[in-house]
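entry.tsv (TSV, C-alpha atoms) appears below.
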```tsv
chain	number	residue	atom	x	y	z
Q	1	MET	CA	50.53	-44.40	-85.06
Q	2	LEU	CA	51.02	-46.64	-88.05
Q	3	GLN	CA	47.49	-47.93	-88.18
Q	4	LEU	CA	46.20	-44.38	-88.30
Q	5	ALA	CA	47.79	-43.88	-91.65
Q	6	SER	CA	46.20	-46.96	-93.10
Q	7	ARG	CA	43.29	-46.80	-95.47
Q	8	ASN	CA	41.26	-48.73	-92.94
Q	9	ALA	CA	41.11	-45.77	-90.57
Q	10	GLY	CA	37.69	-44.21	-90.09
Q	11	PRO	CA	36.46	-40.79	-88.95
Q	12	PRO	CA	37.35	-41.38	-85.27
Q	13	HIS	CA	40.96	-42.03	-86.28
Q	14	ARG	CA	41.06	-38.95	-88.46
Q	15	ARG	CA	39.74	-36.83	-85.60
Q	16	TYR	CA	42.34	-38.41	-83.31
Q	17	VAL	CA	45.16	-37.54	-85.73
Q	18	ILE	CA	43.95	-33.93	-86.00
Q	19	ARG	CA	43.65	-33.60	-82.21
Q	20	THR	CA	47.05	-35.22	-81.66
Q	21	MET	CA	48.71	-32.94	-84.21
Q	22	ALA	CA	47.12	-29.90	-82.55
Q	23	PHE	CA	48.34	-30.87	-79.08
Q	24	MET	CA	51.79	-31.86	-80.38
Q	25	ALA	CA	52.03	-28.52	-82.17
Q	26	GLY	CA	51.33	-26.68	-78.91
Q	27	TYR	CA	53.90	-28.76	-77.05
Q	28	VAL	CA	56.55	-28.25	-79.72
Q	29	ALA	CA	55.79	-24.55	-80.21
Q	30	ILE	CA	56.21	-23.71	-76.52
Q	31	ASN	CA	59.45	-25.68	-76.30
Q	32	VAL	CA	60.88	-24.19	-79.50
Q	33	ALA	CA	60.01	-20.71	-78.21
Q	34	ALA	CA	61.76	-21.55	-74.92
Q	35	ILE	CA	64.84	-22.85	-76.74
Q	36	PHE	CA	65.05	-19.60	-78.70
Q	37	GLY	CA	64.87	-17.57	-75.50
Q	38	ALA	CA	61.28	-16.35	-75.59
Q	39	PHE	CA	60.86	-17.02	-71.88
Q	40	ASP	CA	64.37	-16.23	-70.64
Q	41	GLU	CA	63.10	-13.38	-68.47
Q	42	ILE	CA	60.94	-15.66	-66.33
Q	43	ILE	CA	63.20	-18.73	-66.11
Q	44	GLY	CA	64.07	-19.44	-62.48
Q	45	ARG	CA	61.22	-17.30	-61.10
Q	46	PRO	CA	57.94	-18.61	-59.59
Q	47	VAL	CA	56.02	-17.35	-62.61
Q	48	ALA	CA	57.90	-19.92	-64.68
Q	49	TRP	CA	55.50	-22.51	-63.23
Q	50	VAL	CA	52.94	-21.06	-65.63
Q	51	LEU	CA	55.27	-22.06	-68.45
Q	52	ALA	CA	55.68	-25.54	-66.98
Q	53	PHE	CA	51.89	-25.98	-66.76
Q	54	ALA	CA	51.52	-24.66	-70.31
Q	55	VAL	CA	53.89	-27.32	-71.67
Q	56	ALA	CA	52.22	-30.05	-69.62
Q	57	ALA	CA	48.71	-29.10	-70.74
Q	58	PRO	CA	49.06	-30.65	-74.23
Q	59	VAL	CA	49.98	-33.95	-72.56
Q	60	VAL	CA	46.67	-33.85	-70.69
Q	61	GLY	CA	45.01	-32.95	-73.99
Q	62	GLN	CA	46.58	-35.98	-75.59
Q	63	ILE	CA	45.05	-38.22	-72.92
Q	64	TRP	CA	41.67	-36.66	-73.69
Q	65	ALA	CA	42.22	-37.26	-77.43
Q	66	THR	CA	43.00	-40.91	-76.75
Q	67	LEU	CA	39.95	-41.38	-74.54
Q	68	SER	CA	37.85	-39.67	-77.24
Q	69	LEU	CA	39.22	-42.06	-79.85
Q	70	MET	CA	38.27	-45.00	-77.65
Q	71	ARG	CA	34.80	-43.58	-76.98
Q	72	GLU	CA	34.11	-42.91	-80.67
Q	73	SER	CA	35.57	-46.15	-82.06
Q	74	ASP	CA	34.25	-49.68	-82.32
Q	75	GLU	CA	35.12	-52.43	-79.86
Q	76	PHE	CA	38.11	-53.74	-81.84
Q	77	VAL	CA	39.83	-50.37	-82.18
Q	78	ARG	CA	39.03	-49.63	-78.53
Q	79	ALA	CA	40.65	-52.86	-77.36
Q	80	VAL	CA	43.73	-52.51	-79.57
Q	81	THR	CA	44.22	-48.86	-78.59
Q	82	ALA	CA	43.99	-49.75	-74.90
Q	83	LYS	CA	46.56	-52.52	-75.32
Q	84	GLN	CA	48.93	-50.25	-77.25
Q	85	PHE	CA	48.73	-47.48	-74.64
Q	86	ILE	CA	49.00	-49.79	-71.65
Q	87	LEU	CA	52.08	-51.51	-73.08
Q	88	SER	CA	53.71	-48.24	-74.17
Q	89	ALA	CA	53.04	-46.51	-70.85
Q	90	GLY	CA	54.22	-49.55	-68.93
Q	91	LEU	CA	57.42	-49.80	-70.94
Q	92	ALA	CA	58.11	-46.06	-70.57
Q	93	MET	CA	57.49	-46.25	-66.79
Q	94	ALA	CA	59.77	-49.28	-66.49
Q	95	LEU	CA	62.57	-47.53	-68.39
Q	96	ALA	CA	62.12	-44.32	-66.36
Q	97	THR	CA	62.15	-46.31	-63.12
Q	98	LEU	CA	65.26	-48.17	-64.23
Q	99	TRP	CA	67.04	-44.94	-65.04
Q	100	GLY	CA	65.84	-43.20	-61.88
Q	101	PHE	CA	67.25	-45.91	-59.67
Q	102	GLY	CA	70.32	-45.95	-61.87
Q	103	GLU	CA	70.80	-42.31	-60.91
Q	104	SER	CA	70.22	-43.09	-57.22
Q	105	TYR	CA	72.34	-46.20	-56.96
Q	106	ALA	CA	74.72	-46.35	-59.90
Q	107	ASN	CA	75.68	-42.72	-60.55
Q	108	ALA	CA	73.91	-42.66	-63.88
Q	109	PRO	CA	73.84	-39.14	-65.38
Q	110	HIS	CA	70.69	-37.15	-64.58
Q	111	ILE	CA	67.98	-37.04	-67.21
Q	112	PRO	CA	65.10	-34.53	-66.91
Q	113	ALA	CA	61.71	-36.03	-66.02
Q	114	TRP	CA	59.95	-34.41	-68.96
Q	115	LEU	CA	61.66	-36.92	-71.23
Q	116	ILE	CA	59.04	-39.46	-70.11
Q	117	TYR	CA	56.62	-38.03	-72.72
Q	118	PRO	CA	58.89	-38.41	-75.77
Q	119	LEU	CA	59.98	-41.75	-74.29
Q	120	PHE	CA	56.34	-42.86	-74.17
Q	121	TRP	CA	55.91	-42.03	-77.87
Q	122	ALA	CA	59.14	-43.80	-78.73
Q	123	CYS	CA	57.81	-46.87	-76.90
Q	124	PHE	CA	54.47	-46.45	-78.66
Q	125	GLY	CA	56.23	-46.42	-82.03
Q	126	LEU	CA	57.91	-49.71	-81.17
Q	127	VAL	CA	54.88	-51.38	-79.61
Q	128	ALA	CA	51.93	-50.26	-81.73
Q	129	PRO	CA	52.85	-52.11	-84.96
Q	130	LEU	CA	53.14	-55.35	-82.98
Q	131	ILE	CA	49.64	-55.13	-81.48
Q	132	ARG	CA	47.31	-56.39	-84.18
Q	133	SER	CA	44.95	-58.49	-82.11
Q	134	SER	CA	42.42	-57.56	-79.44
Q	135	ARG	CA	43.27	-60.70	-77.46
E	1	MET	CA	37.32	-67.44	-82.95
E	2	ARG	CA	36.71	-69.41	-86.16
E	3	ASN	CA	33.82	-68.04	-88.15
E	4	GLN	CA	32.03	-67.95	-91.51
E	5	LEU	CA	31.97	-64.17	-91.77
E	6	LYS	CA	34.12	-63.85	-94.88
E	7	LEU	CA	32.17	-66.59	-96.65
E	8	LEU	CA	28.83	-64.95	-95.84
E	9	ARG	CA	30.11	-61.54	-96.88
E	10	VAL	CA	31.53	-62.79	-100.20
E	11	GLU	CA	28.32	-64.72	-100.91
E	12	ARG	CA	26.47	-61.43	-100.79
E	13	GLY	CA	29.08	-59.61	-102.85
E	14	TRP	CA	29.81	-57.12	-100.09
E	15	THR	CA	33.13	-55.43	-99.48
E	16	GLN	CA	34.63	-55.28	-96.00
E	17	GLU	CA	33.81	-51.58	-96.00
E	18	GLN	CA	30.15	-52.27	-96.79
E	19	LEU	CA	29.90	-54.94	-94.11
E	20	GLY	CA	31.53	-52.60	-91.61
E	21	GLN	CA	29.00	-49.87	-92.43
E	22	ALA	CA	26.10	-52.31	-92.08
E	23	LEU	CA	27.39	-53.40	-88.67
E	24	GLY	CA	28.46	-49.96	-87.50
E	25	VAL	CA	32.13	-50.93	-87.13
E	26	SER	CA	35.35	-49.99	-88.92
E	27	ARG	CA	36.87	-51.93	-91.81
E	28	GLN	CA	39.69	-52.72	-89.41
E	29	ALA	CA	37.22	-54.52	-87.16
E	30	VAL	CA	35.81	-56.53	-90.08
E	31	ILE	CA	39.32	-57.55	-91.12
E	32	ALA	CA	40.14	-58.53	-87.53
E	33	LEU	CA	36.97	-60.61	-87.25
E	34	GLU	CA	37.59	-62.37	-90.56
E	35	THR	CA	41.19	-63.16	-89.69
E	36	GLU	CA	40.29	-64.31	-86.15
E	37	ARG	CA	42.22	-61.52	-84.47
E	38	HIS	CA	39.15	-60.31	-82.61
E	39	ASP	CA	36.49	-62.23	-80.70
E	40	PRO	CA	33.31	-60.19	-80.99
E	41	SER	CA	31.31	-59.06	-77.99
E	42	LEU	CA	27.94	-60.71	-77.53
E	43	ASP	CA	26.29	-57.54	-78.83
E	44	LEU	CA	28.35	-57.51	-82.03
E	45	ALA	CA	27.87	-61.24	-82.54
E	46	TYR	CA	24.09	-60.76	-82.32
E	47	ARG	CA	24.26	-57.83	-84.73
E	48	ILE	CA	26.14	-60.00	-87.22
E	49	ALA	CA	23.66	-62.84	-86.75
E	50	ALA	CA	20.73	-60.49	-87.31
E	51	LEU	CA	22.33	-59.01	-90.42
E	52	PHE	CA	22.83	-62.42	-92.02
E	53	ALA	CA	19.61	-63.84	-90.54
E	54	ARG	CA	21.47	-66.82	-89.11
E	55	PRO	CA	21.89	-68.11	-85.55
E	56	VAL	CA	25.11	-66.97	-83.91
E	57	GLU	CA	26.46	-70.52	-83.74
E	58	GLU	CA	26.07	-70.96	-87.50
E	59	ILE	CA	28.44	-68.03	-88.00
E	60	PHE	CA	30.83	-68.47	-85.05
E	61	ASP	CA	32.15	-71.86	-83.97
E	62	ASN	CA	31.46	-72.41	-80.31
E	63	PRO	CA	34.88	-73.29	-78.86
E	64	HIS	CA	33.20	-74.62	-75.73
E	65	ALA	CA	30.81	-76.99	-77.48
E	66	GLY	CA	31.64	-80.65	-77.07
```

Just dump the structure as structure tokens.
Amino acid sequence: MLQLASRNAGPPHRRYVIRTMAFMAGYVAINVAAIFGAFDEIIGRPVAWVLAFAVAAPVVGQIWATLSLMRESDEFVRAVTAKQFILSAGLAMALATLWGFGESYANAPHIPAWLIYPLFWACFGLVAPLIRSSR
Amino acid sequence: MRNQLKLLRVERGWTQEQLGQALGVSRQAVIALETERHDPSLDLAYRIAALFARPVEEIFDNPHAG
């Protein structure tokens, strides 16, 4: 989030960055461990759902961090943050929908659904710097 | 919304940071108000008016006034 790095950011933003980094670290750590085979023994078994929930949990945590930022911030930051997230989530959903129907109707290659989260952040990176007004 | 916020702040020799602290908002919010990128809520407009001891309409132009 570009505006987070600015010198205008206050304590709510700093707490948001710390919380985001913590949740991102959990997300990345579990996936890196999976890539290096730490969970190979449970892949394909029902117990692997625990792993799936564990990777999804930081995403829920991120939503909490965002809501906390909005609760702790002033009205301008709250409005801008809401706009940034609504636009990013909408763009990510539109792209995922496009690709999903592309798979159904146009033989597009399959892409795993978990890519929606990195896609959301990619959209956020594009959208956030453009949202500078609360209107 | 056009306003006199920057003028009033500079008259008092305050920084944007100081004004933000006095109002309980971030420096980002002060910048957005001064550059007309944020229309304040009624509550914030009254807080600003009280801080500068001026009526709201002396600080913010009423876009609906004839």

Fill in: Interatomic distance (Å, one decimal) between atom CA of E:Arg37 and atom CA of Q:Leu119
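For atom CA of E:Arg37 relative to atom CA of Q:Leu119, the distance reads 28.5 Å.
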
Return the neighbours of chain E among the residues of chain Q, cut-off 6 Å, counting only C-alpha atoms, as a JSON list (two decimals) with C-alpha atoms, in the frame of the given file.
```json
[["chain", "number", "residue", "atom", "x", "y", "z"],
["Q", 8, "ASN", "CA", 41.26, -48.73, -92.94],
["Q", 74, "ASP", "CA", 34.25, -49.68, -82.32],
["Q", 76, "PHE", "CA", 38.11, -53.74, -81.84],
["Q", 133, "SER", "CA", 44.95, -58.49, -82.11],
["Q", 134, "SER", "CA", 42.42, -57.56, -79.44]]
```

Worksheet item: From the list Q:Ile18, Q:Ala29, Q:Val127, Q:Ala56, which residue is nearest Q:Gly90 when using all atoms listed in the file?
Response: Q:Val127

Item to complete: Quick one: everything within 12 Å of stretch 47-60 of chain E, counting all atoms listed in the file, minus sequence neighbours fewer than 4 positions away in the same chain. Send it as JSON, numbers by chain.
Response: {"E": [1, 2, 3, 4, 5, 6, 7, 8, 9, 10, 11, 12, 14, 19, 20, 21, 22, 23, 24, 25, 30, 33, 34, 36, 38, 39, 40, 41, 42, 43, 64, 65]}

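Between atom CA of Q:Ser73 and atom CA of Q:Ile116 lies a distance of 27.2 Å.
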
Excluding Q:Pro112 and any residue of its chain fewer than 6 positions from it, enumerate the residues within 12 Å of it, using only C-alpha atoms, and give them as a PDB file with C-alpha atoms, keeping the file's coordinate frame.
```
ATOM      1  CA  ALA Q  96      62.120 -44.320 -66.360  1.00  0.00           C
ATOM      2  CA  TRP Q  99      67.040 -44.940 -65.040  1.00  0.00           C
ATOM      3  CA  GLY Q 100      65.840 -43.200 -61.880  1.00  0.00           C
ATOM      4  CA  GLU Q 103      70.800 -42.310 -60.910  1.00  0.00           C
ATOM      5  CA  PRO Q 118      58.890 -38.410 -75.770  1.00  0.00           C
ATOM      6  CA  LEU Q 119      59.980 -41.750 -74.290  1.00  0.00           C
TER       7      LEU Q 119
END
```

Response to the item:
Of Q:Val55, Q:Ala113, Q:Ala106, Q:Ile131, the one nearest to Q:Val32 when counting all atoms listed in the file is Q:Val55

Worksheet entry | Exercise: Q:Val60 partners within 12 Å, all atoms listed in the file, chain neighbours under 2 positions left out, as a list in words |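 The residues satisfying every condition are Arg19, Thr20, Phe23, Met24, Gly26, Tyr27, Phe53, Ala54, Val55, Ala56, Ala57, Pro58, Gln62, Ile63, Trp64, Ala65, Thr66, Leu67 and Tyr117 of chain Q.
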
Discussion item. To one decimal place in Å, what is the distance between atom CA of Q:Glu72 and atom CA of Q:Cys123?
Written reply: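 Computed distance, atom CA of Q:Glu72 to atom CA of Q:Cys123, equals 24.3 Å.
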